[in-house]
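*Asks:* Sharing a structure, written as structure tokens. Questions coming.
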Protein chains: 2
Amino acid sequence: MNTAPISGMQELLPSDQAKFNQIKAQIADQFSLHGFHNIETPIIDRTEILLAKAGGDTEKQIYKVVKTAETADDADQALRFDHTVPLARYVAEHENELAFPFKVSQIGRNFRGERAQKGRFREFYQLDVDVIGRNQLPLAYDADAIATTYLALSAFIKTDICLRVSNRKILKGLLEELNLDKISDQIFSIIDHAEKVSDQTTQASLQELELNDTQIQTLTDFMQIRGETDSVLTKLKALEIENSTFKAGVSELAEVLQLLLKLCPNGQITGDMLIVRGLDYYTGTVFETFLPEYRQIGSVCSGGRYDNLASNYTDQKLPGVGGSIGLTRLFYVLRSNQLLPQDLAKTYVAIIPVSDKEVDYCLELAEELRQKQIIADTVFTDKKLGDKLKYAAKTATHAIIIGENEVKSEKPMIKDLNTGNINPLDEFIAASDQHLGNI
Amino acid sequence: MNTAPISGMQELLPSDQAKFNQIKAQIADQFSLHGFHNIETPIIDRTEILLAKAGGDTEKQIYKVVKTAETADDADQALRFDHTVPLARYVAEHENELAFPFKVSQIGRNFRGERAQKGRFREFYQLDVDVIGRNQLPLAYDADAIATTYLALSAFIKTDICLRVSNRKILKGLLEELNLDKISDQIFSIIDHAEKVSDQTTQASLQELELNDTQIQTLTDFMQIRGETDSVLTKLKALEIENSTFKAGVSELAEVLQLLLKLCPNGQITGDMLIVRGLDYYTGTVFETFLPEYRQIGSVCSGGRYDNLASNYTDQKLPGVGGSIGLTRLFYVLRSNQLLPQDLAKTYVAIIPVSDKEVDYCLELAEELRQKQIIADTVFTDKKLGDKLKYAAKTATHAIIIGENEVKSEKPMIKDLNTGNINPLDEFIAASDQHLGNI
């Protein structure tokens, strides 16, 4: 029988799983410290809810679930493909029990049945923050949500991280000014793909739309506007566009960028007109996050502002802003590029009784270590001492061997299995105490 | 559109979700401290793998997944219904990359499409520990796995917890001795259900099997054997059964109970012949865990020893032992019985600028608190101060109001929203530091 996981599913060995879990916990910790309340929605939801707004790829890639004999009366069901749609249902359902603005985080696996490809996953972790307002939501929350994802990434990515921000109202207003608003979907899509194709291809795509030279020149100039806040705002104003949507977009972008600079004082924050988020449902602020030294891996975190989260489920207007970290893919590319943090392994002590007579003492010792928050595993196997040590070398970071003498003296030694150094256990425990006190 | 979650799916408000997450983290922490390595298997797996050993209810309740156009070439798929079957596949697949005995924990949602019932869930968290050996596995690991789940429960359940242990070889050997081994499935099932029905019903069920009076009397006496280790072992020996399977079971039970008493010195550990785990695949040690004051909620954690984990997927003999906490149901019953821990709420500070002029100072203050691992949320809403305080009361445990004076003096005060007490922020931070140092 084939025991490999299905193609597109992540399955890690314990050592990699430990790193994955620790990164996930670091992100969750940042989300929490920034005041986002965690929730979990069911993985299985009504197809009607999940597909209310969807189209195109989503409908093709959604995993439908077959009802069982005992659930046959239920509505049609499928697996959630993102956190945003179930969040919309959640907020509509629990609106009267929530405080707005609702700062919410979600951490869990989502599902998309797309073609198998290296580095693409059908089952993948997304770690999202969103802020949902009732009727209105101050623009400062755009910066709050974006900064939180940026700082969460900074907690474990030690290479450069570049945050690229724009506002869809800017391009929307520009296209209105150029009388191109009827083909705005096509132009958003061309600009969204511009970095993945050559300049010639982008130019050819624009020419296919039968734009005139001024329109093409303006769009080409526009796409090159990127950089630090002041420079970007100066260049946008130099376009001398009078359209009110354009101006609102520029003003919003200025406010969000200025607040982001304060929230992420060490961040690489840029305005960038190539960021438009294609056919997504965003209506204002949009952002993507890249590792400049590993540009080929694409955006590792993205999101933006949506005017009305749950218009399909409630009459209440619920504007929101959010960002999402695709952790399964990010972990895959960090690992492929040797960018995983090296210092994540926790102290794991294997306690080895030489014979059955020392087991009781080992159990007491293990409990003492656990009380100090140190992982302790008593090795119960009947193997020879050498084999027990080999086993410890595979599973643990440290080993303690307990024979008759150690039981009598109550002065066991602990061996660091990495360096080979051997030290008195009481010194090791004192050093760990010290470390805990310094958190 | 119906925005309720599908029947049988857990969906919590943020305050309950925080408690659920904290309990989950406490269990995970105990699993880790006892040396269990965490892994995650895919939620979607091959139907052929999932149903290789299954029958009866499992086949009726499994959620099959419809392949999408882009995954049509894949094998038939379904959602995992427990952690044990995917673990068997995982160990068979990665056997050469694992160290045995493999101490492994799994924490995640499983899926069973059973009839909707109050307090029953179709999507539910299970938190499992297992120890898998290659060819053989010392009996001490039975006690290790059971004690770990028991101590994990003790970390957050403050009412009594009773661990009831037996060994299936005892009843198996007894039935051989009584020449009833051909109907052992029926008798295992009758004893498994004995606590859920009246004594008369149990007697009637036994009589339906056409047992003779001696057989019925022996089984009735047997079912009453429970209590502390010495008492149970004495009563079992008093049955004077010479069958070798029976004797092996008693000897194994004695060893496991004695080690459990050492591993859980404050535990309520009992031997109990009513614990047989019905038609499960266990072959030796079996256990269930009850809250004696809330007996009606049934077993909150159970498991046992299986001779061969992955016989359907590999020729390698892989004996194992494990236990599973059904957290979604447990959380539901703890909440219904007001047994959730009350002290779980983390400090959450809302920082409120009186006007836009104080926002920068608030951002710096928030960052300072986060560096101390305190949750800090700057309230950006345009509302009046009174409305901001109402919002803080709904989301936070503490509030800091920053006006002109506080920016000048740099001596803000912090209000405990529960007690109404107001204290200088620097004293509050010093107290939190103290607390961290005492972990």
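In the structure tokens, the first chain shown is A, the next is B, and so on; residue numbers restart at 1 for each chain, and ligands run from 1 in the order shown.
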According to DSSP computed on the backbone, where in range 104-350 of chain B is there helix (DSSP H, G or I)? Give the residues as a PyMOL selection string.
*Replies:* chain B and resi 140-154+168-177+181-196+199-208+213-223+229-238+244-263+292-297+327-336
*Asks:* Near range 392-409 of chain B, counting only C-alpha atoms, which residues have an atom at most 6 Å away, once you skip same-chain residues fewer than 2 positions from it, shown as number ranges by chain?
*Replies:* B: 347-354, 389-390, 411-412, 414-417
*Asks:* Could you pull out the strand (DSSP E) residues of range 103-213 of chain A, going by DSSP on the backbone, and write them as a VMD selection string?
*Replies:* chain A and resid 103 to 111 123 to 132 162 to 167
*Asks:* Output N, CA, C and O atoms of each residue in that selection to a file, as a tab-separated table (two decimals), in the first residue's frame.
*Replies:*
```tsv
chain	number	residue	atom	x	y	z
A	103	LYS	N	-10.50	43.13	16.52
A	103	LYS	CA	-9.15	42.73	16.11
A	103	LYS	C	-9.03	41.23	16.29
A	103	LYS	O	-9.08	40.74	17.41
A	104	VAL	N	-8.88	40.50	15.19
A	104	VAL	CA	-9.01	39.05	15.25
A	104	VAL	C	-7.85	38.37	14.52
A	104	VAL	O	-7.40	38.84	13.48
A	105	SER	N	-7.36	37.27	15.09
A	105	SER	CA	-6.35	36.47	14.40
A	105	SER	C	-6.89	35.06	14.18
A	105	SER	O	-7.71	34.57	14.95
A	106	GLN	N	-6.43	34.44	13.10
A	106	GLN	CA	-6.80	33.06	12.79
A	106	GLN	C	-5.55	32.31	12.35
A	106	GLN	O	-4.77	32.82	11.54
A	107	ILE	N	-5.39	31.11	12.86
A	107	ILE	CA	-4.21	30.29	12.56
A	107	ILE	C	-4.71	28.89	12.29
A	107	ILE	O	-5.28	28.25	13.18
A	108	GLY	N	-4.52	28.41	11.07
A	108	GLY	CA	-5.00	27.06	10.79
A	108	GLY	C	-4.76	26.68	9.35
A	108	GLY	O	-4.21	27.46	8.57
A	109	ARG	N	-5.21	25.47	9.03
A	109	ARG	CA	-4.97	24.95	7.68
A	109	ARG	C	-6.15	25.25	6.77
A	109	ARG	O	-7.30	25.10	7.17
A	110	ASN	N	-5.87	25.67	5.56
A	110	ASN	CA	-6.87	25.83	4.52
A	110	ASN	C	-6.54	24.90	3.36
A	110	ASN	O	-5.46	24.31	3.31
A	111	PHE	N	-7.50	24.78	2.42
A	111	PHE	CA	-7.45	23.69	1.45
A	111	PHE	C	-7.80	24.18	0.04
A	111	PHE	O	-8.85	24.79	-0.15
A	123	GLU	N	-2.89	21.71	1.08
A	123	GLU	CA	-3.28	21.85	2.48
A	123	GLU	C	-2.21	22.73	3.07
A	123	GLU	O	-1.02	22.37	3.04
A	124	PHE	N	-2.56	23.91	3.56
A	124	PHE	CA	-1.51	24.87	3.93
A	124	PHE	C	-1.97	25.72	5.10
A	124	PHE	O	-3.14	26.06	5.22
A	125	TYR	N	-1.00	26.05	5.95
A	125	TYR	CA	-1.29	26.93	7.07
A	125	TYR	C	-1.35	28.38	6.60
A	125	TYR	O	-0.46	28.84	5.88
A	126	GLN	N	-2.38	29.08	7.04
A	126	GLN	CA	-2.40	30.53	6.91
A	126	GLN	C	-2.54	31.13	8.29
A	126	GLN	O	-3.29	30.62	9.13
A	127	LEU	N	-1.80	32.21	8.52
A	127	LEU	CA	-1.86	32.92	9.80
A	127	LEU	C	-2.31	34.34	9.48
A	127	LEU	O	-1.55	35.11	8.88
A	128	ASP	N	-3.53	34.66	9.85
A	128	ASP	CA	-4.16	35.91	9.43
A	128	ASP	C	-4.42	36.84	10.61
A	128	ASP	O	-4.78	36.37	11.70
A	129	VAL	N	-4.27	38.14	10.38
A	129	VAL	CA	-4.87	39.12	11.28
A	129	VAL	C	-5.85	39.96	10.47
A	129	VAL	O	-5.64	40.22	9.28
A	130	ASP	N	-6.95	40.33	11.10
A	130	ASP	CA	-7.93	41.22	10.48
A	130	ASP	C	-8.45	42.18	11.55
A	130	ASP	O	-8.50	41.82	12.73
A	131	VAL	N	-8.82	43.38	11.11
A	131	VAL	CA	-9.56	44.29	11.98
A	131	VAL	C	-10.87	44.61	11.26
A	131	VAL	O	-10.85	45.04	10.10
A	132	ILE	N	-11.98	44.35	11.92
A	132	ILE	CA	-13.29	44.58	11.31
A	132	ILE	C	-13.98	45.71	12.07
A	132	ILE	O	-14.09	45.66	13.30
A	162	CYS	N	11.15	43.27	2.85
A	162	CYS	CA	10.70	44.54	2.28
A	162	CYS	C	9.17	44.56	2.18
A	162	CYS	O	8.56	43.66	1.61
A	163	LEU	N	8.59	45.60	2.75
A	163	LEU	CA	7.14	45.77	2.73
A	163	LEU	C	6.80	46.76	1.62
A	163	LEU	O	7.35	47.86	1.59
A	164	ARG	N	5.93	46.36	0.70
A	164	ARG	CA	5.57	47.21	-0.43
A	164	ARG	C	4.07	47.51	-0.35
A	164	ARG	O	3.25	46.61	-0.38
A	165	VAL	N	3.75	48.79	-0.28
A	165	VAL	CA	2.38	49.19	0.00
A	165	VAL	C	1.84	50.08	-1.12
A	165	VAL	O	2.59	50.89	-1.69
A	166	SER	N	0.58	49.92	-1.44
A	166	SER	CA	-0.08	50.88	-2.33
A	166	SER	C	-1.54	51.02	-1.89
A	166	SER	O	-1.93	50.53	-0.82
A	167	ASN	N	-2.32	51.68	-2.74
A	167	ASN	CA	-3.74	51.85	-2.46
A	167	ASN	C	-4.46	51.76	-3.80
A	167	ASN	O	-4.11	52.48	-4.74
```
*Asks:* Would you list the contacts of Ile297 in chain A as a list in words, taking every protein, DNA or RNA residue within 9 Å and counting only C-alpha atoms, but skipping same-chain residues closer than 5 positions in sequence?
*Replies:*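 Counting only the stated atoms, we get Phe290, Leu291, Leu330 and Val333 of chain A.
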*Asks:* Identify, on the basis of only C-alpha atoms, every residue whose closest approach to Ile216 in chain A does not exceed 8 Å; exclude the query and any residue fewer than 6 positions from it along the same chain; express the result as an MDAnalysis selection string.
*Replies:* chainID A and resid 203 206:207
*Asks:* Smallest atom-to-atom distance to chain B: which of A:Pro86, A:Pro292, A:Gly320, A:Gly420, using only C-alpha atoms?
*Replies:* A:Pro86
*Asks:* Skipping near chain neighbours, those fewer than 6 positions away, what residues fall within 12 Å of range 56-58 of chain A using only C-alpha atoms, listed as a list in words?
*Replies:*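 Here the answer would be Thr47, Leu50, Lys64, Ala78, Leu79, Arg80, Phe81, Asp82, Val85, Phe111, Arg112, Gly113, Glu114, Arg115, Leu279 and Asp280 of chain A; Thr68, Ala69 and Glu70 of chain B.
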*Asks:* With only C-alpha atoms as the counted atoms, please give the residues lying no more than 12 Å from Thr381 in chain B, apart from itself and same-chain residues fewer than 2 positions off, as an MDAnalysis selection string.
*Replies:* (chainID A and resid 100:102 131:134 136:141) or (chainID B and resid 350:356 359 377:379 383:392)
*Asks:* Between CA of Thr270 in chain B and CA of Ile161 in chain B, measure the distance and give it in Å to one decimal.
*Replies:*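 We find that CA of Thr270 in chain B and CA of Ile161 in chain B lie 11.0 Å from each other.
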